[in-house]
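Encoded as structure tokens, the structure appears first; notes follow it.
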Amino acid sequence: MYLADVRVFYLLIAFLFVSFHPFKDEKPFIVILGIAQDAGYPQIGCNKECCKKVYEGKAKRQMVSSIAIVDPVSKQKWVIDATPDFPEQLKLLDKYPGYLSGILLTHAHIGHYTGLMYLGREAMNANKIPVYTMPRMFEFLKTNGPWSQLVTLNNIEPGKLKTDSIIQLNERISVQPLLVPHRDEFSETVGYQIRIGKQSVLFIPDIDKWNKWEKDIRDYVHQCDYLLLDGTFYQEGELPGRNMAEIPHPFVQESMTLLDGLSVAEKKKIWFIHYNHTNPLMNDDSKESKEVRANGFNLSRQGQVFSMK
């Protein structure tokens, strides 16, 4: 069965559920499966106070940045990014009835696709899970082991996306990949605009700098109901001894300055995510976390649910 056939099959199932399900007015929703940068929290090799707190039981471990789209009517679930914490994140989704209908990938950095390995025959031995990718990511998976084995053994069925094209996941949910500038060694990088009915959610966990993007993030604030945005680093100098220009991300301080002119209601739409282990925003009680909230913005937390009206 080709990816197009799989989508048609899932759409047919979704239609039947929506048509005959007694709770067909229930809205799809978004679940935060993880909030950490690619290497998680605590991070390997880190002996700093930020990670020692986790080992000493004074702070909670955090899984790698990922979100899920859940349709309680069709019983379908989609995950954006297959992280190294994929098994635990799927378990977190068990509280919501249904099955995994597909995975959407943002790019080929380790925290965003390596969880696909758990779909292989050494683990889940999945059967043709649709994996939505951009063209370079598509070729990367098909031509590089061990990922190519997942394709050969029909554990996954990758399908190509096009920039700005709208993909209908089912009759109530669509997604649109948005190309963003990032360190694209092996693939393009995209964020996703998720549309559920008349509402939409923007998810951009990784981008170099807002001013490098051909689009204006402020336009999306006006369009969207929730925005989950790159919050990797809080400020310059967060990594002593490292040239942070080599790992560009919009510092949270920069993002807050850029978005400072928004109304109070618009600022409330913005939720930072994808925190590095050094980022004080991991700690709810840090002065930096309090500053973000005092400025009218929000911090994503694992297990959080965004409901649609």
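We label chains A, B, ... in the order they appear in the structure tokens, count residues from 1 in each chain, and number ligands from 1 in the order shown.
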
Margin query: Just want the 12 Å neighbourhood of Glu236 (chain A), counted on only C-alpha atoms, with same-chain residues fewer than 4 positions away dropped. Output as a PyMOL selection string.
Written below: chain A and resi 232+240-245+247-254+278-279

Mind dumping the selected residues with N, CA and C atoms as a CSV table (one decimal), in the first residue's frame?
```csv
chain,number,residue,atom,x,y,z
A,232,THR,N,15.4,27.7,22.7
A,232,THR,CA,16.6,26.9,23.1
A,232,THR,C,17.5,27.5,24.1
A,240,PRO,N,29.4,29.0,28.2
A,240,PRO,CA,30.8,29.6,28.4
A,240,PRO,C,31.8,28.7,27.6
A,241,GLY,N,32.6,29.4,26.8
A,241,GLY,CA,33.7,28.8,26.0
A,241,GLY,C,33.2,28.3,24.7
A,242,ARG,N,31.9,28.5,24.4
A,242,ARG,CA,31.4,28.1,23.0
A,242,ARG,C,31.0,29.4,22.3
A,243,ASN,N,31.3,29.4,21.0
A,243,ASN,CA,30.8,30.4,20.1
A,243,ASN,C,29.4,30.2,19.7
A,244,MET,N,28.5,30.9,20.3
A,244,MET,CA,27.0,30.6,20.1
A,244,MET,C,26.6,31.0,18.7
A,245,ALA,N,27.4,31.7,18.0
A,245,ALA,CA,27.0,32.1,16.6
A,245,ALA,C,27.1,30.8,15.7
A,247,ILE,N,25.9,27.9,16.7
A,247,ILE,CA,24.6,27.2,16.9
A,247,ILE,C,23.5,28.2,17.1
A,248,PRO,N,23.2,29.0,16.0
A,248,PRO,CA,22.3,30.1,16.1
A,248,PRO,C,20.9,29.7,16.4
A,249,HIS,N,20.3,30.3,17.4
A,249,HIS,CA,18.9,30.2,17.7
A,249,HIS,C,18.4,31.6,18.2
A,250,PRO,N,17.2,32.0,18.0
A,250,PRO,CA,16.8,33.3,18.6
A,250,PRO,C,16.7,33.2,20.1
A,251,PHE,N,17.6,33.9,20.8
A,251,PHE,CA,17.5,33.9,22.3
A,251,PHE,C,16.1,34.3,22.7
A,252,VAL,N,15.7,33.8,23.8
A,252,VAL,CA,14.3,34.1,24.3
A,252,VAL,C,14.2,35.6,24.5
A,253,GLN,N,15.3,36.2,25.0
A,253,GLN,CA,15.3,37.6,25.3
A,253,GLN,C,15.1,38.4,23.9
A,254,GLU,N,15.8,37.9,22.9
A,254,GLU,CA,15.6,38.5,21.5
A,254,GLU,C,14.1,38.4,21.1
A,278,THR,N,21.0,24.0,29.7
A,278,THR,CA,21.5,25.2,30.4
A,278,THR,C,20.5,26.3,30.6
A,279,ASN,N,19.4,26.1,30.0
A,279,ASN,CA,18.4,27.2,29.9
A,279,ASN,C,17.7,27.3,31.3
```

Note to self: Excluding Leu258 (chain A) and its own-chain neighbours fewer than 6 positions away, which residues fall within 12 Å of it when counting only C-alpha atoms? Please give them as a PyMOL selection string.
What the structure shows: chain A and resi 209-211+216-218+221+250-252+267

Next item on the list: For CA of Gln168 (chain A) and CA of His109 (chain A), determine how far apart the two atoms are, in Å to one decimal place.
Entry: 25.8 Å

Show me a table, sorted first by chain and then by increasing residue number, of the residues of region 118-176 of chain A having an atom at most 12 Å from region 67-84 of chain A, each with its shortest atom pair and the distance in Å to one decimal, counting only C-alpha atoms and written as JSON lines.
```
{"residue": "A:Tyr118", "atom": "CA", "partner": "A:Pro84", "partner_atom": "CA", "distance": 9.0}
{"residue": "A:Leu119", "atom": "CA", "partner": "A:Ala82", "partner_atom": "CA", "distance": 10.0}
{"residue": "A:Ile129", "atom": "CA", "partner": "A:Trp78", "partner_atom": "CA", "distance": 10.4}
{"residue": "A:Pro130", "atom": "CA", "partner": "A:Trp78", "partner_atom": "CA", "distance": 9.7}
{"residue": "A:Val131", "atom": "CA", "partner": "A:Val79", "partner_atom": "CA", "distance": 9.7}
{"residue": "A:Tyr132", "atom": "CA", "partner": "A:Ile80", "partner_atom": "CA", "distance": 9.3}
{"residue": "A:Thr133", "atom": "CA", "partner": "A:Asp81", "partner_atom": "CA", "distance": 10.3}
{"residue": "A:Leu169", "atom": "CA", "partner": "A:Trp78", "partner_atom": "CA", "distance": 8.8}
{"residue": "A:Asn170", "atom": "CA", "partner": "A:Ser74", "partner_atom": "CA", "distance": 8.7}
{"residue": "A:Glu171", "atom": "CA", "partner": "A:Ser74", "partner_atom": "CA", "distance": 9.8}
{"residue": "A:Arg172", "atom": "CA", "partner": "A:Asp71", "partner_atom": "CA", "distance": 8.5}
{"residue": "A:Ile173", "atom": "CA", "partner": "A:Asp71", "partner_atom": "CA", "distance": 8.4}
{"residue": "A:Ser174", "atom": "CA", "partner": "A:Ile69", "partner_atom": "CA", "distance": 10.3}
{"residue": "A:Val175", "atom": "CA", "partner": "A:Ile69", "partner_atom": "CA", "distance": 10.3}
```

Notebook entry, point to check: Contacts of Ser263 (chain A) at 12 Å or less, counting only C-alpha atoms, minus same-chain residues fewer than 5 places along, as number ranges by chain?
Noted result: A: 218, 221-222, 268-270, 295-297

Selection from above, N, CA and C atoms, as a CSV table (one decimal), in the first residue's frame, can you write it?
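Listed below is the output, out.csv:
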```csv
chain,number,residue,atom,x,y,z
A,218,ARG,N,5.6,37.8,13.4
A,218,ARG,CA,4.5,38.6,14.0
A,218,ARG,C,3.2,38.4,13.2
A,221,VAL,N,1.5,35.4,14.6
A,221,VAL,CA,0.9,35.7,15.9
A,221,VAL,C,-0.6,36.1,15.6
A,222,HIS,N,-0.7,37.0,14.6
A,222,HIS,CA,-2.1,37.5,14.3
A,222,HIS,C,-3.0,36.4,13.8
A,268,LYS,N,-0.1,36.2,25.0
A,268,LYS,CA,-0.6,35.0,25.7
A,268,LYS,C,-0.6,33.8,24.8
A,269,LYS,N,-0.6,34.1,23.5
A,269,LYS,CA,-0.6,32.9,22.5
A,269,LYS,C,0.7,32.2,22.4
A,270,ILE,N,1.8,32.9,22.9
A,270,ILE,CA,3.2,32.4,22.6
A,270,ILE,C,3.7,31.6,23.8
A,295,ASN,N,6.5,39.4,31.4
A,295,ASN,CA,6.4,40.0,30.1
A,295,ASN,C,5.2,39.6,29.3
A,296,GLY,N,4.4,38.7,29.8
A,296,GLY,CA,3.2,38.3,29.1
A,296,GLY,C,3.3,37.0,28.3
A,297,PHE,N,4.4,36.4,28.3
A,297,PHE,CA,4.6,35.2,27.5
A,297,PHE,C,4.5,33.9,28.4
```

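In this model, the gap between CA of Gln37 (chain A) and CA of Gly159 (chain A) comes to 25.8 Å.
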
Item checked: Shortest interatomic distance to Leu229 (chain A) - which of A:Ile273, A:Val264, A:Leu90, A:Val201, counting only C-alpha atoms -> A:Ile273

Next item on the list: Extract the full set of strand (DSSP E or B) residues from region 130-299 of chain A according to DSSP on the backbone, and format it as an MDAnalysis selection string.
Entry: chainID A and resid 130:133 156:160 167:170 173:179 190:196 199:204 226:230 270:273 275 298:299

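Among the candidates A:Asp260, A:Ser307, A:Ile166, A:Glu122, the residue lying nearest to Ala294 (chain A) is A:Asp260 (atoms considered: only C-alpha atoms).
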
Notebook entry, point to check: Which polymer residues have any atom within 9 Å of an atom of region 49-64 of chain A, counting only C-alpha atoms, with same-chain residues fewer than 4 positions away left out, as a ChimeraX atom specification?
Noted result: /A:33-43,83-86,88-89,111-112,274-275,277-280,282-283,302

Could the residues in this selection be saved with C-alpha atoms as an mmCIF file, in the first residue's frame?
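Output below, filename selection-v3.cif:
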```cif
data_model
loop_
_atom_site.group_PDB
_atom_site.id
_atom_site.type_symbol
_atom_site.label_atom_id
_atom_site.label_comp_id
_atom_site.auth_asym_id
_atom_site.auth_seq_id
_atom_site.Cartn_x
_atom_site.Cartn_y
_atom_site.Cartn_z
ATOM 1 C CA LEU A 33 5.302 15.319 24.770
ATOM 2 C CA GLY A 34 8.621 16.940 25.624
ATOM 3 C CA ILE A 35 10.251 20.336 26.019
ATOM 4 C CA ALA A 36 14.032 19.768 26.006
ATOM 5 C CA GLN A 37 16.603 20.369 23.289
ATOM 6 C CA ASP A 38 17.731 17.347 21.242
ATOM 7 C CA ALA A 39 19.983 15.799 23.907
ATOM 8 C CA GLY A 40 17.355 15.969 26.640
ATOM 9 C CA TYR A 41 17.557 17.015 30.273
ATOM 10 C CA PRO A 42 19.833 16.094 31.987
ATOM 11 C CA GLN A 43 22.296 16.130 29.115
ATOM 12 C CA THR A 83 12.789 11.858 19.469
ATOM 13 C CA PRO A 84 15.202 9.639 21.421
ATOM 14 C CA ASP A 85 12.396 9.546 24.026
ATOM 15 C CA PHE A 86 9.870 8.202 21.509
ATOM 16 C CA GLU A 88 8.122 6.998 26.645
ATOM 17 C CA GLN A 89 6.310 9.663 24.658
ATOM 18 C CA GLY A 111 16.516 14.937 18.643
ATOM 19 C CA HIS A 112 13.978 15.082 15.851
ATOM 20 C CA HIS A 274 12.869 23.201 23.063
ATOM 21 C CA TYR A 275 14.999 24.387 26.014
ATOM 22 C CA HIS A 277 19.748 21.905 29.518
ATOM 23 C CA THR A 278 21.519 25.157 30.448
ATOM 24 C CA ASN A 279 18.392 27.234 29.942
ATOM 25 C CA PRO A 280 17.040 28.564 33.266
ATOM 26 C CA MET A 282 13.632 24.646 32.696
ATOM 27 C CA ASN A 283 13.089 25.823 36.266
ATOM 28 C CA GLN A 302 5.545 18.318 29.422
#
```

Next item on the list: Could you give me, as an MDAnalysis selection string, the residues within 12 Å of region 142-157 of chain A, counting only C-alpha atoms and dropping anything in the same chain fewer than 3 positions from it?
Entry: chainID A and resid 1:7 100:104 108 113:133 135:139 160 186

Please produce a file of the residues just selected, as a PDB file, in the first residue's frame, where the atoms kept are C-alpha atoms.
```pdb
ATOM      1  CA  MET A   1       0.000   0.000   0.000  1.00  0.00           C
ATOM      2  CA  TYR A   2       1.434   3.403  -0.972  1.00  0.00           C
ATOM      3  CA  LEU A   3       1.433   6.381   1.383  1.00  0.00           C
ATOM      4  CA  ALA A   4      -1.418   7.949  -0.597  1.00  0.00           C
ATOM      5  CA  ASP A   5      -3.432   4.743  -0.162  1.00  0.00           C
ATOM      6  CA  VAL A   6      -2.655   4.688   3.547  1.00  0.00           C
ATOM      7  CA  ARG A   7      -3.895   8.277   3.888  1.00  0.00           C
ATOM      8  CA  LEU A 100      -0.560   6.147  15.862  1.00  0.00           C
ATOM      9  CA  SER A 101      -1.648   7.386  12.432  1.00  0.00           C
ATOM     10  CA  GLY A 102       1.608   8.987  11.379  1.00  0.00           C
ATOM     11  CA  ILE A 103       4.750  10.935  12.216  1.00  0.00           C
ATOM     12  CA  LEU A 104       5.731  14.337  10.848  1.00  0.00           C
ATOM     13  CA  ALA A 108      17.502  15.644  10.522  1.00  0.00           C
ATOM     14  CA  TYR A 113      14.130  11.809  13.925  1.00  0.00           C
ATOM     15  CA  THR A 114      16.297   9.184  15.662  1.00  0.00           C
ATOM     16  CA  GLY A 115      13.303   7.815  17.570  1.00  0.00           C
ATOM     17  CA  LEU A 116      12.292   6.174  14.284  1.00  0.00           C
ATOM     18  CA  MET A 117      14.697   3.370  15.236  1.00  0.00           C
ATOM     19  CA  TYR A 118      12.132   2.076  17.724  1.00  0.00           C
ATOM     20  CA  LEU A 119       9.794   1.286  14.832  1.00  0.00           C
ATOM     21  CA  GLY A 120      12.284  -1.280  13.487  1.00  0.00           C
ATOM     22  CA  ARG A 121      12.234  -5.066  13.805  1.00  0.00           C
ATOM     23  CA  GLU A 122      14.491  -4.990  16.867  1.00  0.00           C
ATOM     24  CA  ALA A 123      11.771  -3.072  18.694  1.00  0.00           C
ATOM     25  CA  MET A 124       8.165  -2.330  17.685  1.00  0.00           C
ATOM     26  CA  ASN A 125       8.419  -3.899  14.193  1.00  0.00           C
ATOM     27  CA  ALA A 126       5.783  -1.453  12.974  1.00  0.00           C
ATOM     28  CA  ASN A 127       3.880  -1.895   9.746  1.00  0.00           C
ATOM     29  CA  LYS A 128       4.002   0.978   7.236  1.00  0.00           C
ATOM     30  CA  ILE A 129       3.690   3.894   9.644  1.00  0.00           C
ATOM     31  CA  PRO A 130       3.312   6.999   7.445  1.00  0.00           C
ATOM     32  CA  VAL A 131       6.256   9.357   7.970  1.00  0.00           C
ATOM     33  CA  TYR A 132       5.758  12.795   6.448  1.00  0.00           C
ATOM     34  CA  THR A 133       9.002  14.444   5.334  1.00  0.00           C
ATOM     35  CA  PRO A 135      12.231  16.000  -0.068  1.00  0.00           C
ATOM     36  CA  ARG A 136      15.809  16.021   1.296  1.00  0.00           C
ATOM     37  CA  MET A 137      14.686  14.255   4.466  1.00  0.00           C
ATOM     38  CA  PHE A 138      12.855  11.724   2.288  1.00  0.00           C
ATOM     39  CA  GLU A 139      16.063  10.918   0.401  1.00  0.00           C
ATOM     40  CA  LYS A 160       7.200  13.784   0.476  1.00  0.00           C
ATOM     41  CA  PHE A 186      21.337  16.561   5.985  1.00  0.00           C
TER      42      PHE A 186
END
```

Next item on the list: Pull the alpha helix (DSSP H) assignments for region 50-203 of chain A out of DSSP run on the backbone, and list those residues as a ChimeraX atom specification.
Entry: /A:50-55,86-93,110-113,135-143,147-152

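What separates CA of Leu281 (chain A) from CA of Gly303 (chain A) is a distance of 16.5 Å.
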